[in-house]
>>> print(open('entry.pdb').read())   # PDB, C-alpha atoms and all ligand atoms
MODEL        1
ATOM      1  CA  MET M1060     -13.533 -16.992 -23.036  1.00  0.00           C
ATOM      2  CA  ILE M1061     -11.541 -14.215 -21.378  1.00  0.00           C
ATOM      3  CA  ALA M1062     -12.690 -10.631 -21.847  1.00  0.00           C
ATOM      4  CA  HIS M1063     -10.688  -7.425 -21.381  1.00  0.00           C
ATOM      5  CA  ILE M1064     -12.158  -4.322 -19.789  1.00  0.00           C
ATOM      6  CA  PRO M1065     -11.226  -1.292 -21.957  1.00  0.00           C
ATOM      7  CA  TYR M1066      -7.694   0.052 -21.448  1.00  0.00           C
ATOM      8  CA  THR M1067      -9.106   3.558 -21.018  1.00  0.00           C
ATOM      9  CA  VAL M1068     -10.911   2.954 -17.727  1.00  0.00           C
ATOM     10  CA  ASN M1069      -8.965   3.961 -14.642  1.00  0.00           C
ATOM     11  CA  LEU M1070     -10.229   2.438 -11.388  1.00  0.00           C
ATOM     12  CA  ALA M1071      -7.601   4.468  -9.501  1.00  0.00           C
ATOM     13  CA  SER M1072      -8.516   7.847 -11.004  1.00  0.00           C
ATOM     14  CA  PRO M1073      -8.434  10.739  -8.519  1.00  0.00           C
ATOM     15  CA  LYS M1074     -11.027  12.605 -10.623  1.00  0.00           C
ATOM     16  CA  GLU M1075     -14.660  11.980  -9.767  1.00  0.00           C
ATOM     17  CA  GLY M1076     -15.986  11.792 -13.349  1.00  0.00           C
ATOM     18  CA  PRO M1077     -13.468   9.239 -14.706  1.00  0.00           C
ATOM     19  CA  PHE M1078     -13.686   7.243 -11.446  1.00  0.00           C
ATOM     20  CA  GLU M1079     -17.492   6.984 -11.637  1.00  0.00           C
ATOM     21  CA  PHE M1080     -17.200   6.041 -15.317  1.00  0.00           C
ATOM     22  CA  ALA M1081     -14.660   3.302 -14.494  1.00  0.00           C
ATOM     23  CA  CYS M1082     -16.943   1.886 -11.791  1.00  0.00           C
ATOM     24  CA  ARG M1083     -19.880   1.833 -14.218  1.00  0.00           C
ATOM     25  CA  VAL M1084     -17.893   0.150 -17.026  1.00  0.00           C
ATOM     26  CA  LEU M1085     -16.547  -2.453 -14.588  1.00  0.00           C
ATOM     27  CA  ARG M1086     -20.071  -3.410 -13.484  1.00  0.00           C
ATOM     28  CA  GLU M1087     -21.532  -3.365 -16.998  1.00  0.00           C
ATOM     29  CA  ASP M1088     -18.710  -5.451 -18.477  1.00  0.00           C
ATOM     30  CA  LEU M1089     -18.935  -8.039 -15.698  1.00  0.00           C
ATOM     31  CA  GLU M1090     -22.692  -8.237 -16.341  1.00  0.00           C
ATOM     32  CA  ARG M1091     -21.955  -8.789 -20.055  1.00  0.00           C
ATOM     33  CA  CYS M1092     -19.494 -11.543 -19.103  1.00  0.00           C
ATOM     34  CA  LEU M1093     -22.261 -13.214 -17.073  1.00  0.00           C
ATOM     35  CA  LEU M1094     -24.648 -13.004 -20.043  1.00  0.00           C
ATOM     36  CA  VAL M1095     -22.220 -14.580 -22.535  1.00  0.00           C
ATOM     37  CA  GLY M1096     -20.750 -17.075 -20.040  1.00  0.00           C
ATOM     38  CA  ALA M1097     -17.191 -15.690 -20.105  1.00  0.00           C
ATOM     39  CA  HIS M1098     -14.740 -17.291 -17.689  1.00  0.00           C
ATOM     40  CA  ALA M1099     -12.920 -14.121 -16.761  1.00  0.00           C
ATOM     41  CA  ALA M1100     -12.587 -10.392 -17.341  1.00  0.00           C
ATOM     42  CA  VAL M1101      -9.098  -8.891 -17.233  1.00  0.00           C
ATOM     43  CA  CYS M1102      -8.704  -5.348 -15.935  1.00  0.00           C
ATOM     44  CA  HIS M1103      -5.707  -3.032 -15.554  1.00  0.00           C
ATOM     45  CA  PRO M1104      -5.572  -1.902 -11.906  1.00  0.00           C
ATOM     46  CA  GLY M1105      -5.189   1.764 -12.920  1.00  0.00           C
ATOM     47  CA  SER M1106      -2.952   4.795 -12.391  1.00  0.00           C
ATOM     48  CA  PHE M1107      -3.065   6.976  -9.300  1.00  0.00           C
ATOM     49  CA  VAL M1108      -2.059  10.093 -11.351  1.00  0.00           C
ATOM     50  CA  GLU M1109      -1.531  12.291  -8.273  1.00  0.00           C
ATOM     51  CA  GLY M1110      -1.039  11.663  -4.555  1.00  0.00           C
ATOM     52  CA  SER M1111       0.298   8.274  -3.506  1.00  0.00           C
ATOM     53  CA  VAL M1112       0.121   4.616  -4.537  1.00  0.00           C
ATOM     54  CA  GLU M1113      -1.826   4.053  -1.312  1.00  0.00           C
ATOM     55  CA  ASP M1114      -4.502   6.565  -2.367  1.00  0.00           C
ATOM     56  CA  GLY M1115      -4.781   4.802  -5.723  1.00  0.00           C
ATOM     57  CA  ILE M1116      -5.067   1.373  -4.134  1.00  0.00           C
ATOM     58  CA  ALA M1117      -7.802   2.672  -1.817  1.00  0.00           C
ATOM     59  CA  ARG M1118      -9.764   3.907  -4.865  1.00  0.00           C
ATOM     60  CA  ILE M1119      -9.355   0.565  -6.698  1.00  0.00           C
ATOM     61  CA  VAL M1120     -10.699  -1.239  -3.625  1.00  0.00           C
ATOM     62  CA  ARG M1121     -13.627   1.202  -3.481  1.00  0.00           C
ATOM     63  CA  ALA M1122     -14.335   0.544  -7.180  1.00  0.00           C
ATOM     64  CA  ILE M1123     -14.276  -3.255  -6.882  1.00  0.00           C
ATOM     65  CA  GLU M1124     -16.185  -3.644  -3.587  1.00  0.00           C
ATOM     66  CA  PRO M1125     -19.637  -2.963  -5.145  1.00  0.00           C
ATOM     67  CA  VAL M1126     -19.207  -5.757  -7.739  1.00  0.00           C
ATOM     68  CA  LEU M1127     -18.190  -8.422  -5.219  1.00  0.00           C
ATOM     69  CA  PRO M1128     -21.798  -9.700  -4.751  1.00  0.00           C
ATOM     70  CA  LEU M1129     -22.008 -10.161  -8.537  1.00  0.00           C
ATOM     71  CA  LEU M1130     -18.796 -12.236  -8.475  1.00  0.00           C
ATOM     72  CA  GLU M1131     -20.278 -14.514  -5.801  1.00  0.00           C
ATOM     73  CA  ARG M1132     -22.894 -15.877  -8.204  1.00  0.00           C
ATOM     74  CA  PRO M1133     -22.113 -19.492  -9.152  1.00  0.00           C
ATOM     75  CA  ASP M1134     -21.920 -18.664 -12.884  1.00  0.00           C
ATOM     76  CA  ALA M1135     -19.881 -15.470 -12.374  1.00  0.00           C
ATOM     77  CA  PRO M1136     -16.641 -14.746 -14.242  1.00  0.00           C
ATOM     78  CA  TRP M1137     -13.348 -14.169 -12.473  1.00  0.00           C
ATOM     79  CA  LEU M1138     -12.138 -10.575 -12.261  1.00  0.00           C
ATOM     80  CA  LEU M1139      -8.410 -10.666 -13.041  1.00  0.00           C
ATOM     81  CA  LEU M1140      -6.179  -7.705 -12.198  1.00  0.00           C
ATOM     82  CA  GLU M1141      -3.276  -7.516 -14.602  1.00  0.00           C
ATOM     83  CA  THR M1142       0.392  -7.253 -13.659  1.00  0.00           C
ATOM     84  CA  MET M1143       1.702  -3.952 -15.078  1.00  0.00           C
ATOM     85  CA  SER M1144       5.071  -2.522 -16.145  1.00  0.00           C
ATOM     86  CA  GLY M1145       5.111   0.205 -13.468  1.00  0.00           C
ATOM     87  CA  GLN M1146       5.177   2.968 -16.094  1.00  0.00           C
ATOM     88  CA  GLY M1147       4.299   6.451 -14.758  1.00  0.00           C
ATOM     89  CA  SER M1148       1.910   6.173 -11.812  1.00  0.00           C
ATOM     90  CA  GLU M1149       0.640   2.719 -12.791  1.00  0.00           C
ATOM     91  CA  ILE M1150      -0.439   0.452  -9.955  1.00  0.00           C
ATOM     92  CA  GLY M1151       0.416  -3.230 -10.377  1.00  0.00           C
ATOM     93  CA  GLY M1152       4.064  -2.840 -11.369  1.00  0.00           C
ATOM     94  CA  GLU M1153       4.782  -4.668  -8.114  1.00  0.00           C
ATOM     95  CA  LEU M1154       2.998  -7.862  -7.103  1.00  0.00           C
ATOM     96  CA  GLY M1155       2.742  -6.332  -3.617  1.00  0.00           C
ATOM     97  CA  HIS M1156       0.225  -3.799  -4.990  1.00  0.00           C
ATOM     98  CA  LEU M1157      -2.044  -6.578  -6.241  1.00  0.00           C
ATOM     99  CA  ARG M1158      -1.669  -8.420  -2.953  1.00  0.00           C
ATOM    100  CA  GLU M1159      -2.707  -5.325  -1.042  1.00  0.00           C
ATOM    101  CA  ILE M1160      -5.826  -4.904  -3.180  1.00  0.00           C
ATOM    102  CA  LEU M1161      -6.793  -8.557  -2.588  1.00  0.00           C
ATOM    103  CA  GLU M1162      -6.050  -8.239   1.112  1.00  0.00           C
ATOM    104  CA  ARG M1163      -8.182  -5.113   1.502  1.00  0.00           C
ATOM    105  CA  LEU M1164     -11.017  -6.769  -0.416  1.00  0.00           C
ATOM    106  CA  GLY M1165     -10.824  -9.684   2.039  1.00  0.00           C
ATOM    107  CA  TRP M1166      -9.457 -12.262  -0.475  1.00  0.00           C
ATOM    108  CA  PRO M1167     -12.772 -12.704  -2.292  1.00  0.00           C
ATOM    109  CA  ALA M1168     -13.411 -15.821  -4.361  1.00  0.00           C
ATOM    110  CA  ARG M1169     -13.030 -15.131  -8.106  1.00  0.00           C
ATOM    111  CA  VAL M1170     -10.748 -12.121  -7.854  1.00  0.00           C
ATOM    112  CA  GLY M1171      -7.332 -13.062  -9.203  1.00  0.00           C
ATOM    113  CA  VAL M1172      -4.442 -12.062 -11.397  1.00  0.00           C
ATOM    114  CA  CYS M1173      -3.599 -12.107 -15.104  1.00  0.00           C
ATOM    115  CA  LEU M1174       0.111 -12.156 -15.919  1.00  0.00           C
ATOM    116  CA  ASP M1175       1.577 -10.236 -18.873  1.00  0.00           C
ATOM    117  CA  THR M1176       5.010 -11.320 -20.132  1.00  0.00           C
ATOM    118  CA  CYS M1177       5.888  -7.853 -21.484  1.00  0.00           C
ATOM    119  CA  HIS M1178       4.775  -6.021 -18.351  1.00  0.00           C
ATOM    120  CA  LEU M1179       6.544  -8.413 -15.946  1.00  0.00           C
ATOM    121  CA  PHE M1180       9.722  -8.174 -18.050  1.00  0.00           C
ATOM    122  CA  ALA M1181       9.534  -4.365 -17.939  1.00  0.00           C
ATOM    123  CA  ALA M1182       8.961  -4.607 -14.170  1.00  0.00           C
ATOM    124  CA  GLY M1183      12.207  -6.573 -13.756  1.00  0.00           C
ATOM    125  CA  TYR M1184      11.501 -10.316 -14.154  1.00  0.00           C
ATOM    126  CA  ASP M1185      13.846 -11.601 -16.859  1.00  0.00           C
ATOM    127  CA  TRP M1186      12.141 -14.508 -18.662  1.00  0.00           C
ATOM    128  CA  ARG M1187      15.427 -15.492 -20.358  1.00  0.00           C
ATOM    129  CA  ASP M1188      16.837 -16.634 -17.003  1.00  0.00           C
ATOM    130  CA  PRO M1189      15.165 -19.773 -15.548  1.00  0.00           C
ATOM    131  CA  ALA M1190      16.130 -18.660 -12.011  1.00  0.00           C
ATOM    132  CA  GLU M1191      14.237 -15.394 -12.567  1.00  0.00           C
ATOM    133  CA  VAL M1192      11.189 -17.309 -13.808  1.00  0.00           C
ATOM    134  CA  GLU M1193      11.301 -19.353 -10.589  1.00  0.00           C
ATOM    135  CA  ARG M1194      11.615 -16.148  -8.579  1.00  0.00           C
ATOM    136  CA  LEU M1195       8.421 -14.890 -10.218  1.00  0.00           C
ATOM    137  CA  VAL M1196       6.525 -18.127  -9.573  1.00  0.00           C
ATOM    138  CA  GLU M1197       7.661 -18.105  -5.938  1.00  0.00           C
ATOM    139  CA  ASP M1198       6.642 -14.443  -5.558  1.00  0.00           C
ATOM    140  CA  LEU M1199       3.210 -15.237  -7.031  1.00  0.00           C
ATOM    141  CA  ASP M1200       2.788 -18.195  -4.706  1.00  0.00           C
ATOM    142  CA  ARG M1201       3.816 -16.219  -1.648  1.00  0.00           C
ATOM    143  CA  LEU M1202       2.051 -12.920  -2.375  1.00  0.00           C
ATOM    144  CA  ILE M1203      -1.040 -13.906  -4.374  1.00  0.00           C
ATOM    145  CA  GLY M1204      -1.469 -17.692  -4.171  1.00  0.00           C
ATOM    146  CA  TRP M1205      -1.101 -19.745  -7.338  1.00  0.00           C
ATOM    147  CA  ASP M1206      -4.814 -20.690  -7.420  1.00  0.00           C
ATOM    148  CA  ARG M1207      -5.607 -17.018  -8.174  1.00  0.00           C
ATOM    149  CA  VAL M1208      -3.278 -16.841 -11.200  1.00  0.00           C
ATOM    150  CA  ARG M1209      -5.741 -17.601 -14.009  1.00  0.00           C
ATOM    151  CA  ALA M1210      -4.432 -16.239 -17.337  1.00  0.00           C
ATOM    152  CA  LEU M1211      -1.332 -15.072 -19.178  1.00  0.00           C
ATOM    153  CA  HIS M1212      -0.903 -12.389 -21.825  1.00  0.00           C
ATOM    154  CA  LEU M1213       1.837 -13.365 -24.267  1.00  0.00           C
ATOM    155  CA  ASN M1214       3.670 -10.320 -25.600  1.00  0.00           C
ATOM    156  CA  ASP M1215       7.281  -9.676 -26.507  1.00  0.00           C
ATOM    157  CA  SER M1216       8.809  -6.379 -25.362  1.00  0.00           C
ATOM    158  CA  LYS M1217      10.254  -3.496 -27.396  1.00  0.00           C
ATOM    159  CA  PHE M1218      12.282  -2.396 -24.352  1.00  0.00           C
ATOM    160  CA  PRO M1219      14.862  -4.200 -22.179  1.00  0.00           C
ATOM    161  CA  CYS M1220      14.183  -5.928 -18.868  1.00  0.00           C
ATOM    162  CA  GLY M1221      13.512  -3.500 -16.006  1.00  0.00           C
ATOM    163  CA  SER M1222      12.755  -0.560 -18.329  1.00  0.00           C
ATOM    164  CA  ARG M1223       9.295   0.026 -16.782  1.00  0.00           C
ATOM    165  CA  ARG M1224       8.110   0.777 -20.336  1.00  0.00           C
ATOM    166  CA  ASP M1225       4.949  -0.898 -21.582  1.00  0.00           C
ATOM    167  CA  ARG M1226       5.549  -1.406 -25.311  1.00  0.00           C
ATOM    168  CA  HIS M1227       4.507  -4.753 -26.762  1.00  0.00           C
ATOM    169  CA  GLU M1228       6.408  -6.376 -29.626  1.00  0.00           C
ATOM    170  CA  LYS M1229       5.540  -9.282 -31.920  1.00  0.00           C
ATOM    171  CA  MET M1230       6.460 -12.732 -30.644  1.00  0.00           C
ATOM    172  CA  GLY M1231      10.176 -13.487 -30.933  1.00  0.00           C
ATOM    173  CA  GLN M1232      11.011 -10.023 -32.289  1.00  0.00           C
ATOM    174  CA  GLY M1233      11.648  -8.228 -28.987  1.00  0.00           C
ATOM    175  CA  HIS M1234      13.933  -8.507 -25.977  1.00  0.00           C
ATOM    176  CA  ILE M1235      12.179 -11.559 -24.480  1.00  0.00           C
ATOM    177  CA  GLY M1236      12.697 -13.573 -27.654  1.00  0.00           C
ATOM    178  CA  ARG M1237      12.622 -17.310 -28.299  1.00  0.00           C
ATOM    179  CA  GLU M1238      14.672 -18.170 -25.200  1.00  0.00           C
ATOM    180  CA  GLY M1239      12.398 -16.230 -22.869  1.00  0.00           C
ATOM    181  CA  PHE M1240       9.172 -17.694 -24.258  1.00  0.00           C
ATOM    182  CA  ALA M1241      10.676 -21.188 -24.185  1.00  0.00           C
ATOM    183  CA  ASN M1242      11.038 -20.758 -20.405  1.00  0.00           C
ATOM    184  CA  VAL M1243       7.367 -19.761 -20.181  1.00  0.00           C
ATOM    185  CA  LEU M1244       6.023 -22.614 -22.326  1.00  0.00           C
ATOM    186  CA  ARG M1245       8.096 -25.338 -20.719  1.00  0.00           C
ATOM    187  CA  HIS M1246       7.325 -24.228 -17.160  1.00  0.00           C
ATOM    188  CA  PRO M1247       5.048 -26.794 -15.437  1.00  0.00           C
ATOM    189  CA  ARG M1248       2.757 -24.089 -14.017  1.00  0.00           C
ATOM    190  CA  LEU M1249       3.059 -21.119 -16.389  1.00  0.00           C
ATOM    191  CA  GLY M1250       2.847 -23.365 -19.448  1.00  0.00           C
ATOM    192  CA  ARG M1251      -0.631 -24.547 -18.426  1.00  0.00           C
ATOM    193  CA  LEU M1252      -2.261 -21.126 -18.125  1.00  0.00           C
ATOM    194  CA  PRO M1253      -4.675 -19.917 -20.821  1.00  0.00           C
ATOM    195  CA  MET M1254      -2.590 -17.637 -23.060  1.00  0.00           C
ATOM    196  CA  LEU M1255      -3.765 -14.602 -25.024  1.00  0.00           C
ATOM    197  CA  LEU M1256      -1.857 -12.493 -27.527  1.00  0.00           C
ATOM    198  CA  GLU M1257      -1.833  -8.684 -27.459  1.00  0.00           C
ATOM    199  CA  THR M1258       0.990  -8.176 -29.942  1.00  0.00           C
ATOM    200  CA  PRO M1259       1.066  -5.143 -32.287  1.00  0.00           C
ATOM    201  CA  VAL M1260      -0.272  -6.587 -35.539  1.00  0.00           C
ATOM    202  CA  ALA M1261      -1.408  -4.516 -38.512  1.00  0.00           C
ATOM    203  CA  SER M1262      -4.500  -6.678 -38.994  1.00  0.00           C
ATOM    204  CA  ASP M1263      -6.140  -9.498 -37.031  1.00  0.00           C
ATOM    205  CA  LEU M1264      -5.075 -11.921 -39.791  1.00  0.00           C
ATOM    206  CA  GLU M1265      -1.466 -11.517 -38.644  1.00  0.00           C
ATOM    207  CA  TYR M1266      -2.375 -13.218 -35.365  1.00  0.00           C
ATOM    208  CA  GLY M1267      -2.237 -16.413 -37.438  1.00  0.00           C
ATOM    209  CA  ASP M1268       1.537 -15.941 -37.779  1.00  0.00           C
ATOM    210  CA  GLU M1269       1.853 -15.178 -34.076  1.00  0.00           C
ATOM    211  CA  ILE M1270      -0.082 -18.316 -33.093  1.00  0.00           C
ATOM    212  CA  ARG M1271       1.988 -20.414 -35.535  1.00  0.00           C
ATOM    213  CA  TRP M1272       5.180 -19.052 -33.950  1.00  0.00           C
ATOM    214  CA  VAL M1273       4.042 -20.083 -30.458  1.00  0.00           C
ATOM    215  CA  ARG M1274       2.866 -23.528 -31.656  1.00  0.00           C
ATOM    216  CA  GLN M1275       6.130 -24.115 -33.530  1.00  0.00           C
ATOM    217  CA  LEU M1276       8.162 -23.246 -30.420  1.00  0.00           C
ATOM    218  CA  HIS M1277       5.931 -25.548 -28.356  1.00  0.00           C
ATOM    219  CA  ARG M1278       6.546 -28.393 -30.841  1.00  0.00           C
ATOM    220  CA  GLU M1279      10.311 -27.830 -30.780  1.00  0.00           C
ATOM    221  CA  LEU M1280      10.324 -27.927 -26.985  1.00  0.00           C
ATOM    222  CA  ALA M1281       8.207 -31.086 -26.924  1.00  0.00           C
ATOM    223  CA  ALA M1282      10.743 -32.641 -29.317  1.00  0.00           C
ATOM    224  CA  GLY M1283      13.515 -31.692 -26.912  1.00  0.00           C
ATOM    225  CA  GLY M1284      14.685 -28.469 -28.652  1.00  0.00           C
TER     226      GLY M1284
HETATM  227 ZN    ZN F   1      -1.741  -7.420 -21.162  1.00  0.00          ZN
ENDMDL
END
>>> encode(input="entry.pdb", output="structure tokens")
Amino acid sequence: MIAHIPYTVNLASPKEGPFEFACRVLREDLERCLLVGAHAAVCHPGSFVEGSVEDGIARIVRAIEPVLPLLERPDAPWLLLETMSGQGSEIGGELGHLREILERLGWPARVGVCLDTCHLFAAGYDWRDPAEVERLVEDLDRLIGWDRVRALHLNDSKFPCGSRRDRHEKMGQGHIGREGFANVLRHPRLGRLPMLLETPVASDLEYGDEIRWVRQLHRELAAGG
């Protein structure tokens, strides 16, 4: 069970009200995760809005520090910071940002990373090229440590690689396409991560089609396709 902290909270907000609100929601949602026995809670790092990336990172660290004792409990969920597209003043469009947050927090147990195929594609990792997929895995290993990579959001992208635009598309209908997702599913490390869809469906029922698409591709790959 992997939860998502609301997209509207901004842990990097320079404004006192929204920052306090983000800190409160983070704590409350992690407490809810503890109550229901969730394995992880995914959170967007946030946007610095004004000033510098460094200022934003400092605020994210300040927001997460108070919940670290909660994450040390044996039944605690992981807090997973998501890789972002780098749109606007978003933090997390570079893996180096996430590394710096982890570093400043002192590499706590149970703080890790959730990958997003659309966001990483927008940030410049081209899933359609196996060498680029390896570059990503190497970057994750070097900057974050693979043991902290705990989940993967599966989304196709409405915009081309490197666009820094965060617009999800249905599976196989965007620029990542069948070839790109085949490289994800057949990868010995990426293919084993828990995967979650965040594709733009009109109703939840349509996720059935999305899941069937992924399973069909998986079957074709297993059959040598
Ligand atoms: Zn996502």
>>> resolve_selection(input="entry.pdb", expression="the PyMOL selection byres (((not hetatm)) within 12 of (chain F and resi 1))", output="VMD selection string")
chain M and resid 1061 to 1066 1100 to 1104 1139 to 1144 1151 1172 to 1180 1210 to 1216 1225 to 1228 1254 to 1259
>>> resolve_selection(input="entry.pdb", expression="the PyMOL selection byres (((chain M and resi 1146) around 7) and not hetatm)", output="list in words")
Ser1144, Gly1145, Gly1147, Ser1148, Glu1149, Arg1223, Arg1224 and Asp1225 of chain M
>>> resolve_selection(input="entry.pdb", expression="the PyMOL selection byres (((chain M and resi 1068) around 8) and not hetatm)", output="compact mmCIF listing (two decimals) with C-alpha atoms, in the coordinates of the input")
# COMPACT_ATOMS: atom_id res chain seq x y z
CA ILE M 1064 -12.16 -4.32 -19.79
CA PRO M 1065 -11.23 -1.29 -21.96
CA TYR M 1066 -7.69 0.05 -21.45
CA THR M 1067 -9.11 3.56 -21.02
CA ASN M 1069 -8.96 3.96 -14.64
CA LEU M 1070 -10.23 2.44 -11.39
CA PRO M 1077 -13.47 9.24 -14.71
CA PHE M 1080 -17.20 6.04 -15.32
CA ALA M 1081 -14.66 3.30 -14.49
CA VAL M 1084 -17.89 0.15 -17.03
CA GLY M 1105 -5.19 1.76 -12.92
>>> closest_residue(input="entry.pdb", among="M:Ala1181, M:Ile1150, M:Ala1281, M:Cys1082", to="M:Phe1107", atoms="only C-alpha atoms")
M:Ile1150
>>> axis_aligned_box(input="entry.pdb", around="stretch 1225-1234 of chain M", padding_each_side="4 Å", output="JSON")
{"center_x": 9.2, "center_y": -7.2, "center_z": -26.9, "size_x": 17.4, "size_y": 20.6, "size_z": 18.7}
>>> closest_residue(input="entry.pdb", among="M:Pro1189, M:Gly1115, M:Pro1128, M:Pro1247", to="M:Pro1167", atoms="all atoms listed in the file")
M:Pro1128
>>> residues_around(input="entry.pdb", residues="M:His1098", least_positions_apart="5", cutoff="10 Å", atoms="all atoms listed in the file", output="list of chain:residue names")
M:Met1060, M:Ile1061, M:Ala1062, M:Cys1092, M:Leu1093, M:Asp1134, M:Ala1135, M:Pro1136, M:Trp1137, M:Leu1138, M:Arg1169, M:Arg1209
>>> atom_distance(input="entry.pdb", atom1="atom CA of M:Val1260", atom2="atom CA of M:His1277")
21.2 Å
>>> atom_distance(input="entry.pdb", atom1="atom CA of M:Trp1186", atom2="atom CA of M:Asn1242")
6.6 Å
>>> residues_around(input="entry.pdb", residues="M:His1156", least_positions_apart="2", cutoff="10 Å", atoms="all atoms listed in the file", output="list in words")
Pro1104, Val1112, Glu1113, Gly1115, Ile1116, Thr1142, Ile1150, Gly1151, Gly1152, Glu1153, Leu1154, Arg1158, Glu1159, Ile1160, Leu1161, Glu1162 and Leu1202 of chain M
>>> closest_residue(input="entry.pdb", among="M:Ser1072, M:Arg1083, M:Ala1261, M:Leu1130", to="M:Gly1110", atoms="all atoms listed in the file")
M:Ser1072
